[in-house]
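Participant: My structure is stored as final_10.cif, with mmCIF, C-alpha atoms.
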data_data
loop_
_atom_site.label_atom_id
_atom_site.label_comp_id
_atom_site.auth_asym_id
_atom_site.auth_seq_id
_atom_site.Cartn_x
_atom_site.Cartn_y
_atom_site.Cartn_z
CA MET A 284 22.12 34.06 26.51
CA LYS A 285 25.73 34.23 25.34
CA THR A 286 26.81 37.30 23.33
CA SER A 287 30.02 37.54 21.33
CA THR A 288 31.45 40.04 18.83
CA LEU A 289 33.16 39.56 15.48
CA GLY A 290 35.64 42.19 14.34
CA ALA A 291 36.42 43.45 10.86
CA ASP A 292 39.17 40.82 10.56
CA ALA A 293 36.40 38.31 9.79
CA LEU A 294 35.56 40.15 6.55
CA ILE A 295 36.61 38.47 3.30
CA CYS A 296 36.72 39.32 -0.43
CA PRO A 297 37.59 43.03 -0.09
CA ASP A 298 36.73 43.74 -3.74
CA VAL A 299 33.15 42.45 -3.39
CA ARG A 300 30.33 44.67 -2.20
CA ASN A 301 26.87 43.30 -2.98
CA ALA A 302 23.69 45.32 -3.36
CA VAL A 303 21.78 42.44 -1.74
CA GLY A 304 23.93 39.38 -1.11
CA GLU A 305 21.89 36.20 -0.55
CA SER A 306 21.77 32.40 -0.83
CA PRO A 307 25.33 31.48 0.22
CA VAL A 308 25.91 27.75 -0.24
CA TRP A 309 28.92 25.45 -0.01
CA ASP A 310 29.47 23.19 -3.03
CA HIS A 311 31.23 19.99 -1.95
CA ASN A 312 31.75 19.05 -5.62
CA THR A 313 34.11 21.96 -6.21
CA ALA A 314 35.03 22.91 -2.62
CA CYS A 315 33.81 26.42 -3.40
CA TRP A 316 31.30 28.86 -1.96
CA GLN A 317 28.58 30.28 -4.20
CA TRP A 318 26.10 33.09 -3.56
CA ILE A 319 24.03 35.66 -5.42
CA ASP A 320 23.56 39.39 -5.56
CA GLN A 321 19.84 39.92 -6.05
CA ALA A 322 20.61 42.75 -8.47
CA GLY A 323 21.46 40.00 -10.98
CA LYS A 324 24.82 38.32 -10.33
CA VAL A 325 26.09 34.91 -9.23
CA PHE A 326 29.42 34.69 -7.39
CA ARG A 327 31.84 31.84 -6.75
CA LEU A 328 34.73 31.87 -4.27
CA ASP A 329 37.50 29.30 -4.26
CA PRO A 330 38.78 29.53 -0.66
CA ALA A 331 41.93 27.58 -1.53
CA SER A 332 43.14 30.14 -4.07
CA GLY A 333 41.09 33.16 -2.98
CA GLU A 334 39.80 33.58 -6.55
CA VAL A 335 36.37 35.22 -6.89
CA ARG A 336 34.41 35.12 -10.14
CA HIS A 337 30.98 36.46 -10.99
CA TRP A 338 28.44 36.11 -13.78
CA SER A 339 25.59 38.41 -14.83
CA VAL A 340 22.00 37.17 -14.98
CA ALA A 341 19.30 38.74 -17.15
CA GLU A 342 16.76 39.12 -14.30
CA LYS A 343 16.83 40.04 -10.64
CA ILE A 344 17.39 36.90 -8.56
CA GLY A 345 15.61 36.02 -5.35
CA SER A 346 17.41 32.81 -4.40
CA MET A 347 19.57 29.95 -5.65
CA VAL A 348 19.92 26.23 -4.95
CA LEU A 349 22.34 23.66 -6.34
CA ARG A 350 21.67 20.74 -8.66
CA PRO A 351 23.10 17.26 -8.01
CA ASP A 352 25.67 17.76 -10.77
CA GLY A 353 26.95 20.98 -9.19
CA GLY A 354 24.94 23.29 -11.43
CA ARG A 355 22.52 25.80 -10.03
CA VAL A 356 18.87 26.75 -10.24
CA VAL A 357 17.80 30.37 -9.65
CA CYS A 358 14.41 31.85 -8.79
CA CYS A 359 13.99 35.21 -10.52
CA GLU A 360 11.31 37.70 -11.53
CA THR A 361 9.42 35.73 -14.18
CA GLY A 362 10.24 32.16 -13.27
CA ILE A 363 12.68 29.46 -12.19
CA PHE A 364 15.71 28.80 -14.37
CA ASP A 365 18.60 26.42 -14.81
CA LEU A 366 21.74 28.54 -14.89
CA GLU A 367 24.92 27.77 -16.80
CA LEU A 368 28.00 29.83 -15.96
CA GLY A 369 29.95 30.47 -19.15
CA GLU A 370 33.48 31.69 -19.65
CA THR A 371 32.49 35.19 -20.74
CA GLY A 372 30.90 36.37 -17.50
CA ALA A 373 27.33 35.98 -18.75
CA ALA A 374 25.08 33.19 -17.45
CA GLY A 375 22.88 31.13 -19.75
CA MET A 376 19.28 30.70 -18.54
CA THR A 377 16.96 27.77 -19.34
CA ARG A 378 13.41 28.24 -18.07
CA LEU A 379 12.06 25.47 -15.86
CA ALA A 380 8.85 27.15 -14.70
CA SER A 381 7.00 30.41 -15.25
CA ILE A 382 4.86 32.34 -12.80
CA THR A 383 2.03 34.83 -13.22
CA HIS A 384 2.15 37.12 -10.22
CA PRO A 385 -1.13 38.46 -8.83
CA LYS A 386 0.27 42.00 -8.84
CA PRO A 387 2.87 43.93 -10.85
CA GLY A 388 6.34 44.47 -9.45
CA MET A 389 6.75 41.05 -7.83
CA ARG A 390 9.51 38.43 -7.97
CA PHE A 391 10.61 35.23 -6.30
CA ASN A 392 12.47 35.73 -3.03
CA ASP A 393 13.83 33.29 -0.44
CA GLY A 394 14.13 29.60 -1.37
CA ARG A 395 15.37 26.31 0.09
CA CYS A 396 15.20 22.60 -0.74
CA ASP A 397 13.63 20.25 1.79
CA ARG A 398 15.55 17.16 2.91
CA GLN A 399 14.03 15.22 -0.01
CA GLY A 400 15.15 17.77 -2.64
CA ARG A 401 11.90 19.63 -3.26
CA LEU A 402 12.35 23.38 -3.68
CA TRP A 403 10.27 25.74 -1.52
CA VAL A 404 10.38 29.33 -2.73
CA SER A 405 8.47 32.50 -1.88
CA THR A 406 7.27 35.55 -3.77
CA MET A 407 7.09 39.20 -2.70
CA VAL A 408 6.26 42.72 -3.87
CA MET A 409 9.62 44.34 -4.63
CA ASP A 410 8.61 47.76 -3.27
CA ILE A 411 8.91 46.89 0.41
CA SER A 412 7.71 50.34 1.47
CA LEU A 413 4.20 49.22 0.53
CA GLY A 414 4.20 46.42 3.11
CA ASP A 415 1.96 44.48 0.73
CA PRO A 416 1.24 40.96 2.07
CA ALA A 417 0.87 39.50 -1.43
CA GLY A 418 3.80 37.09 -0.89
CA ARG A 419 3.21 33.36 -0.93
CA TRP A 420 5.17 30.09 -0.70
CA PHE A 421 5.42 27.67 -3.64
CA ARG A 422 6.81 24.16 -4.08
CA PHE A 423 8.75 23.20 -7.21
CA THR A 424 10.03 19.90 -8.57
CA ARG A 425 11.09 19.09 -12.11
CA GLN A 426 8.52 16.32 -12.24
CA ASP A 427 5.50 18.20 -10.88
CA GLY A 428 6.36 21.77 -11.78
CA LEU A 429 5.29 24.76 -9.67
CA PHE A 430 2.67 24.16 -6.96
CA THR A 431 0.91 27.00 -5.13
CA SER A 432 0.69 26.38 -1.39
CA ASP A 433 -2.03 27.56 0.99
CA PHE A 434 0.44 29.75 2.86
CA GLY A 435 0.27 33.39 1.79
CA GLY A 436 -0.07 36.76 3.45
CA PHE A 437 3.68 37.50 3.65
CA ALA A 438 5.18 40.93 2.97
CA ILE A 439 8.82 39.77 2.81
CA PRO A 440 8.87 35.97 3.17
CA ASN A 441 12.32 34.81 4.22
CA GLY A 442 14.30 32.54 6.52
CA SER A 443 13.26 29.17 5.10
CA ALA A 444 15.01 26.23 6.80
CA PHE A 445 14.23 22.64 7.78
CA SER A 446 14.91 20.81 11.02
CA PRO A 447 17.51 18.00 10.84
CA ASP A 448 14.78 15.34 10.50
CA GLY A 449 12.97 17.46 7.92
CA LYS A 450 9.70 17.40 9.86
CA THR A 451 9.65 21.10 10.80
CA LEU A 452 9.73 23.98 8.31
CA TYR A 453 10.76 27.43 9.51
CA CYS A 454 10.28 30.77 7.80
CA SER A 455 10.15 34.46 8.66
CA ASP A 456 8.60 37.71 7.54
CA THR A 457 11.29 40.40 7.40
CA HIS A 458 9.01 43.41 7.04
CA ARG A 459 9.49 45.98 9.80
CA ASP A 460 5.80 45.81 10.78
CA VAL A 461 5.78 42.00 11.06
CA ARG A 462 9.19 40.64 12.24
CA MET A 463 7.96 37.14 13.04
CA LEU A 464 9.47 33.67 12.85
CA TRP A 465 7.04 30.88 12.00
CA GLN A 466 7.16 27.10 12.06
CA PHE A 467 5.11 24.44 10.33
CA ASP A 468 4.70 20.72 10.70
CA TYR A 469 6.10 19.18 7.51
CA ASP A 470 5.02 15.88 5.93
CA THR A 471 8.24 14.56 4.40
CA ASP A 472 6.38 12.00 2.26
CA SER A 473 4.03 14.40 0.50
CA GLY A 474 6.06 17.60 0.90
CA THR A 475 3.16 19.38 2.60
CA PRO A 476 3.42 21.94 5.42
CA SER A 477 0.61 22.36 7.94
CA ASN A 478 -0.16 23.85 11.35
CA LYS A 479 1.43 27.26 10.86
CA ARG A 480 2.24 28.77 14.27
CA PRO A 481 4.49 31.45 15.78
CA PHE A 482 8.02 30.32 16.61
CA VAL A 483 9.54 33.62 17.82
CA ASP A 484 8.06 37.13 17.96
CA LEU A 485 10.83 39.66 17.22
CA ARG A 486 8.69 42.80 17.22
CA GLN A 487 10.39 44.00 20.39
CA GLU A 488 13.86 43.58 18.86
CA VAL A 489 15.73 46.15 16.77
CA GLY A 490 16.59 43.74 13.96
CA ARG A 491 14.41 42.14 11.31
CA PRO A 492 14.70 38.36 10.71
CA ASP A 493 16.22 37.57 7.31
CA GLY A 494 18.01 34.49 5.93
CA ALA A 495 18.70 31.49 8.15
CA ALA A 496 20.38 28.13 8.63
CA VAL A 497 19.86 25.12 10.93
CA ASP A 498 22.62 23.17 12.68
CA VAL A 499 22.77 19.45 13.58
CA ASP A 500 21.27 20.18 17.01
CA GLY A 501 18.19 21.68 15.37
CA CYS A 502 19.06 25.25 16.40
CA TYR A 503 17.87 27.98 14.03
CA TRP A 504 20.45 30.67 13.14
CA VAL A 505 18.91 33.82 11.65
CA CYS A 506 20.43 37.11 10.48
CA GLY A 507 19.20 40.20 12.32
CA LEU A 508 18.92 42.77 9.54
CA ASP A 509 19.51 46.35 10.78
CA GLU A 510 20.75 45.07 14.16
CA GLY A 511 24.02 43.71 12.79
CA CYS A 512 23.83 40.29 14.39
CA ILE A 513 23.12 36.60 14.02
CA MET A 514 20.75 35.07 16.55
CA ARG A 515 20.56 31.37 17.41
CA PHE A 516 17.29 29.96 18.71
CA THR A 517 16.90 26.50 20.20
CA PRO A 518 14.15 24.22 18.84
CA GLN A 519 12.04 25.48 21.77
CA GLY A 520 12.34 29.08 20.54
CA GLN A 521 14.83 30.20 23.22
CA LEU A 522 17.43 32.77 22.18
CA ASP A 523 20.68 31.29 23.48
CA ARG A 524 23.35 33.04 21.36
CA LYS A 525 23.79 36.41 19.70
CA ILE A 526 26.83 37.20 17.56
CA LEU A 527 27.43 40.89 16.83
CA LEU A 528 28.82 41.56 13.36
CA PRO A 529 30.89 44.38 11.84
CA MET A 530 28.08 45.20 9.34
CA GLN A 531 24.57 46.35 10.22
CA LYS A 532 22.58 44.56 7.51
CA PRO A 533 23.45 40.84 7.34
CA THR A 534 21.08 39.03 4.99
CA MET A 535 21.79 35.29 5.15
CA CYS A 536 24.12 32.82 6.83
CA ALA A 537 25.16 29.33 5.74
CA PHE A 538 27.30 26.50 7.07
CA GLY A 539 29.96 24.98 4.86
CA GLY A 540 33.63 24.29 4.39
CA ALA A 541 35.19 20.83 4.31
CA ASP A 542 33.96 19.99 7.81
CA GLY A 543 30.68 21.97 7.73
CA GLN A 544 31.77 24.15 10.65
CA THR A 545 32.48 27.40 8.80
CA MET A 546 29.79 30.04 8.37
CA LEU A 547 29.57 32.49 5.46
CA VAL A 548 27.41 35.60 5.90
CA THR A 549 26.18 37.93 3.16
CA SER A 550 24.91 41.49 3.62
CA LEU A 551 23.33 44.36 1.71
CA CYS A 552 24.28 47.89 0.71
CA ARG A 553 21.73 50.33 -0.70
CA GLY A 554 24.39 52.84 -1.71
CA GLU A 555 26.27 55.79 -0.31
CA LYS A 556 23.65 56.50 2.36
CA ASP A 557 24.24 53.07 3.93
CA LEU A 558 28.01 53.49 3.72
CA GLU A 559 27.87 56.69 5.77
CA THR A 560 26.95 54.70 8.87
CA ASP A 561 27.96 51.17 7.83
CA PRO A 562 31.30 51.10 5.98
CA HIS A 563 31.14 47.30 5.66
CA ALA A 564 27.65 47.25 4.12
CA GLY A 565 27.41 44.70 1.31
CA ARG A 566 30.57 42.85 2.39
CA LEU A 567 30.94 39.16 3.26
CA LEU A 568 32.38 37.62 6.37
CA MET A 569 33.47 34.14 7.34
CA PHE A 570 34.01 32.64 10.78
CA ARG A 571 33.84 29.46 12.86
CA PRO A 572 30.72 29.70 15.06
CA GLY A 573 31.44 26.56 17.08
CA ALA A 574 28.54 24.54 15.63
CA GLN A 575 28.12 21.77 13.08
CA GLY A 576 26.11 22.54 9.99
CA ILE A 577 24.02 20.25 7.80
CA VAL A 578 24.81 19.66 4.12
CA GLU A 579 22.21 21.53 2.04
CA PRO A 580 20.03 19.20 -0.06
CA ARG A 581 20.16 19.66 -3.82
CA LEU A 582 17.20 20.01 -6.14
CA LEU A 583 15.64 16.65 -6.95
CA ASP A 584 16.24 15.62 -10.59
#
Have the structure of the file written as structure tokens, please.

Facilitator:
Amino acid sequence: MKTSTLGADALICPDVRNAVGESPVWDHNTACWQWIDQAGKVFRLDPASGEVRHWSVAEKIGSMVLRPDGGRVVCCETGIFDLELGETGAAGMTRLASITHPKPGMRFNDGRCDRQGRLWVSTMVMDISLGDPAGRWFRFTRQDGLFTSDFGGFAIPNGSAFSPDGKTLYCSDTHRDVRMLWQFDYDTDSGTPSNKRPFVDLRQEVGRPDGAAVDVDGCYWVCGLDEGCIMRFTPQGQLDRKILLPMQKPTMCAFGGADGQTMLVTSLCRGEKDLETDPHAGRLLMFRPGAQGIVEPRLLD
């Protein structure tokens, strides 16, 4: 395994500190990065000018994907919404689907489109101290609406990603008592996962697996929350790279930039207590990991 270290010079956007940064994505239409703060904000960074803008959303956000026209769809507490970013700093929300959670205090969490443009999104109990495995994965398309999958039992479902050919679906459970990476066989015609099985057991590691990305070689890059690292696993589940980061709680990584070889990493900050030991908590960083990313599919119209 190769280990490398990123210094604080990789940090960007010094005025941005997210509570829970997530869902970074590169928009080729505008040559901009977008991401969310789960507390209820959407951010956009123009790397050419350095300008950062943000918009407030009326609900907590779990994840975000892009539409073909460059718009965005967000998965929140009560449903899935089209989001329009206005000029005033407030985002307009148009409901696409509603959800009735089996328990109070739940919301949508991690989400990702498959290679065909179907959205897969998970739910979770927001009070993670409960370790409640009420989380489940759902599939959404505009045509068919919200479909409940057979795959539940997750405390903090995360890390969704698809292999380059789209025939393997990965996900994780971030909860400290679980810390597992899973993989499924994925039928690209029907959009159906099957044969859930362990991919990597991280219970002996310090970090918890959070958001992830896949490169053109099929390697799975996952943020190690609490360990301050990104780990790359080969398709065979072998840890072959670990990149140590200047913040302790990275939440999600994504490939982008004009050539798809830049990585943006979000992180979280729970307040002053985190900052005592992690002065870069909630910050973003950008670097060139030496790998080629895959363009993220957009939600099927």

Participant: Write out as JSON, numbers by chain the residues lying within 6 Å of Trp465 in chain A, counting only C-alpha atoms and excluding same-chain residues fewer than 5 positions away.

Facilitator: {"A": [453, 454, 455, 480, 481, 482]}

Participant: Would you write out, as a PDB file with C-alpha atoms, keeping the file's coordinate frame, every residue that the PyMOL selection byres ((chain A and resi 360) around 6) captures in this file?

Facilitator:
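So result.pdb came out as:
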ATOM      1  CA  CYS A 359      13.990  35.210 -10.520  1.00  0.00           C
ATOM      2  CA  THR A 361       9.420  35.730 -14.180  1.00  0.00           C
ATOM      3  CA  GLY A 362      10.240  32.160 -13.270  1.00  0.00           C
ATOM      4  CA  ARG A 390       9.510  38.430  -7.970  1.00  0.00           C
ATOM      5  CA  PHE A 391      10.610  35.230  -6.300  1.00  0.00           C
TER       6      PHE A 391
END

Participant: Range 318-356 of chain A near range 393-396 of chain A within 7 Å: what's each residue's closest atom pair and its distance in Å to one decimal, counting all atoms listed in the file, ordered by chain then ascending residue number, as CSV?

Facilitator:
residue,atom,partner,partner_atom,distance
A:Gly345,CA,A:Asp393,CA,5.9
A:Ser346,CA,A:Asp393,CA,5.4
A:Met347,CA,A:Gly394,CA,6.9
A:Val348,CA,A:Arg395,CA,6.8

Participant: Pull the closest atom pair for each residue of range 531-567 of chain A that gets at most 8 Å from range 304-308 of chain A, along with the distance in Å to one decimal, counting all atoms listed in the file, ordering rows by chain and then ascending residue number, as a tab-separated table.

Facilitator:
residue	atom	partner	partner_atom	distance
A:Thr534	CA	A:Glu305	CA	6.3
A:Met535	CA	A:Glu305	CA	5.8
A:Cys536	CA	A:Pro307	CA	6.9
A:Ala537	CA	A:Pro307	CA	5.9
A:Phe538	CA	A:Val308	CA	7.5
A:Gly539	CA	A:Val308	CA	7.1
A:Leu547	CA	A:Pro307	CA	6.8
A:Val548	CA	A:Pro307	CA	7.3
A:Thr549	CA	A:Gly304	CA	5.0
A:Ser550	CA	A:Gly304	CA	5.3
A:Leu551	CA	A:Gly304	CA	5.8
A:Gly565	CA	A:Gly304	CA	6.8

Participant: So which one's closest to Lys525 in chain A, A:Ala341, A:Val497, A:Gly490, A:Thr545? Using only C-alpha atoms, please.

Facilitator: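 Distance minimum relative to Lys525 in chain A lands on A:Gly490.
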
Participant: Applied to this file, what does the PyMOL selection byres ((chain A and resi 419) around 9) return in terms of residues, put as number ranges by chain?

Facilitator: A: 404-407, 416-418, 420-421, 431-438, 440

Participant: Convert the output of the PyMOL selection byres ((chain A and resi 289) around 9) on the shown file into explicit residues, formatted as a PyMOL selection string.

Facilitator: chain A and resi 287-288+290-293+526-529+570

Participant: Go ahead and fit an axis-aligned box to every listed atom of range 308-318 of chain A plus 6 Å each side, and pass me the centre and edge lengths in Å, one decimal, as lines of an AutoDock Vina configuration file.

Facilitator:
center_x = 30.5
center_y = 26.1
center_z = -3.1
size_x = 21.1
size_y = 26.0
size_z = 18.2

Participant: Please rebuild range 482-498 of chain A with N, CA, C and O atoms and return the result as a PDB file, in the coordinates of the input.

Facilitator:
ATOM      1  N   PHE A 482       6.842  30.912  15.996  1.00  0.00           N
ATOM      2  CA  PHE A 482       8.020  30.320  16.610  1.00  0.00           C
ATOM      3  C   PHE A 482       8.679  31.329  17.542  1.00  0.00           C
ATOM      4  O   PHE A 482       8.904  31.056  18.715  1.00  0.00           O
ATOM      5  N   VAL A 483       8.965  32.530  17.018  1.00  0.00           N
ATOM      6  CA  VAL A 483       9.540  33.620  17.820  1.00  0.00           C
ATOM      7  C   VAL A 483       8.951  34.935  17.332  1.00  0.00           C
ATOM      8  O   VAL A 483       8.886  35.190  16.131  1.00  0.00           O
ATOM      9  N   ASP A 484       8.542  35.778  18.266  1.00  0.00           N
ATOM     10  CA  ASP A 484       8.060  37.130  17.960  1.00  0.00           C
ATOM     11  C   ASP A 484       9.224  38.098  18.197  1.00  0.00           C
ATOM     12  O   ASP A 484       9.702  38.251  19.318  1.00  0.00           O
ATOM     13  N   LEU A 485       9.680  38.756  17.122  1.00  0.00           N
ATOM     14  CA  LEU A 485      10.830  39.660  17.220  1.00  0.00           C
ATOM     15  C   LEU A 485      10.414  41.127  17.141  1.00  0.00           C
ATOM     16  O   LEU A 485      11.253  42.002  16.919  1.00  0.00           O
ATOM     17  N   ARG A 486       9.154  41.413  17.358  1.00  0.00           N
ATOM     18  CA  ARG A 486       8.690  42.800  17.220  1.00  0.00           C
ATOM     19  C   ARG A 486       9.266  43.724  18.287  1.00  0.00           C
ATOM     20  O   ARG A 486       9.248  44.946  18.115  1.00  0.00           O
ATOM     21  N   GLN A 487       9.771  43.166  19.365  1.00  0.00           N
ATOM     22  CA  GLN A 487      10.390  44.000  20.390  1.00  0.00           C
ATOM     23  C   GLN A 487      11.896  44.141  20.196  1.00  0.00           C
ATOM     24  O   GLN A 487      12.571  44.807  20.981  1.00  0.00           O
ATOM     25  N   GLU A 488      12.435  43.496  19.155  1.00  0.00           N
ATOM     26  CA  GLU A 488      13.860  43.580  18.860  1.00  0.00           C
ATOM     27  C   GLU A 488      14.117  44.679  17.830  1.00  0.00           C
ATOM     28  O   GLU A 488      13.218  45.103  17.106  1.00  0.00           O
ATOM     29  N   VAL A 489      15.366  45.121  17.748  1.00  0.00           N
ATOM     30  CA  VAL A 489      15.730  46.150  16.770  1.00  0.00           C
ATOM     31  C   VAL A 489      15.795  45.554  15.374  1.00  0.00           C
ATOM     32  O   VAL A 489      15.352  46.159  14.399  1.00  0.00           O
ATOM     33  N   GLY A 490      16.355  44.356  15.258  1.00  0.00           N
ATOM     34  CA  GLY A 490      16.590  43.740  13.960  1.00  0.00           C
ATOM     35  C   GLY A 490      15.359  43.100  13.361  1.00  0.00           C
ATOM     36  O   GLY A 490      14.362  42.843  14.028  1.00  0.00           O
ATOM     37  N   ARG A 491      15.473  42.841  12.047  1.00  0.00           N
ATOM     38  CA  ARG A 491      14.410  42.140  11.310  1.00  0.00           C
ATOM     39  C   ARG A 491      14.943  40.786  10.875  1.00  0.00           C
ATOM     40  O   ARG A 491      16.054  40.689  10.357  1.00  0.00           O
ATOM     41  N   PRO A 492      14.190  39.701  11.044  1.00  0.00           N
ATOM     42  CA  PRO A 492      14.700  38.360  10.710  1.00  0.00           C
ATOM     43  C   PRO A 492      14.804  38.171   9.205  1.00  0.00           C
ATOM     44  O   PRO A 492      13.847  38.394   8.466  1.00  0.00           O
ATOM     45  N   ASP A 493      15.979  37.752   8.743  1.00  0.00           N
ATOM     46  CA  ASP A 493      16.220  37.570   7.310  1.00  0.00           C
ATOM     47  C   ASP A 493      16.574  36.100   7.053  1.00  0.00           C
ATOM     48  O   ASP A 493      15.919  35.211   7.552  1.00  0.00           O
ATOM     49  N   GLY A 494      17.652  35.852   6.291  1.00  0.00           N
ATOM     50  CA  GLY A 494      18.010  34.490   5.930  1.00  0.00           C
ATOM     51  C   GLY A 494      18.522  33.687   7.104  1.00  0.00           C
ATOM     52  O   GLY A 494      19.001  34.237   8.098  1.00  0.00           O
ATOM     53  N   ALA A 495      18.445  32.350   6.991  1.00  0.00           N
ATOM     54  CA  ALA A 495      18.700  31.490   8.150  1.00  0.00           C
ATOM     55  C   ALA A 495      19.346  30.174   7.752  1.00  0.00           C
ATOM     56  O   ALA A 495      19.427  29.820   6.575  1.00  0.00           O
ATOM     57  N   ALA A 496      19.804  29.463   8.774  1.00  0.00           N
ATOM     58  CA  ALA A 496      20.380  28.130   8.630  1.00  0.00           C
ATOM     59  C   ALA A 496      20.060  27.336   9.890  1.00  0.00           C
ATOM     60  O   ALA A 496      19.802  27.911  10.946  1.00  0.00           O
ATOM     61  N   VAL A 497      20.097  26.009   9.788  1.00  0.00           N
ATOM     62  CA  VAL A 497      19.860  25.120  10.930  1.00  0.00           C
ATOM     63  C   VAL A 497      21.089  24.245  11.131  1.00  0.00           C
ATOM     64  O   VAL A 497      21.702  23.784  10.161  1.00  0.00           O
ATOM     65  N   ASP A 498      21.474  24.029  12.400  1.00  0.00           N
ATOM     66  CA  ASP A 498      22.620  23.170  12.680  1.00  0.00           C
ATOM     67  C   ASP A 498      22.153  21.754  13.057  1.00  0.00           C
ATOM     68  O   ASP A 498      20.950  21.459  13.101  1.00  0.00           O
TER      69      ASP A 498
END
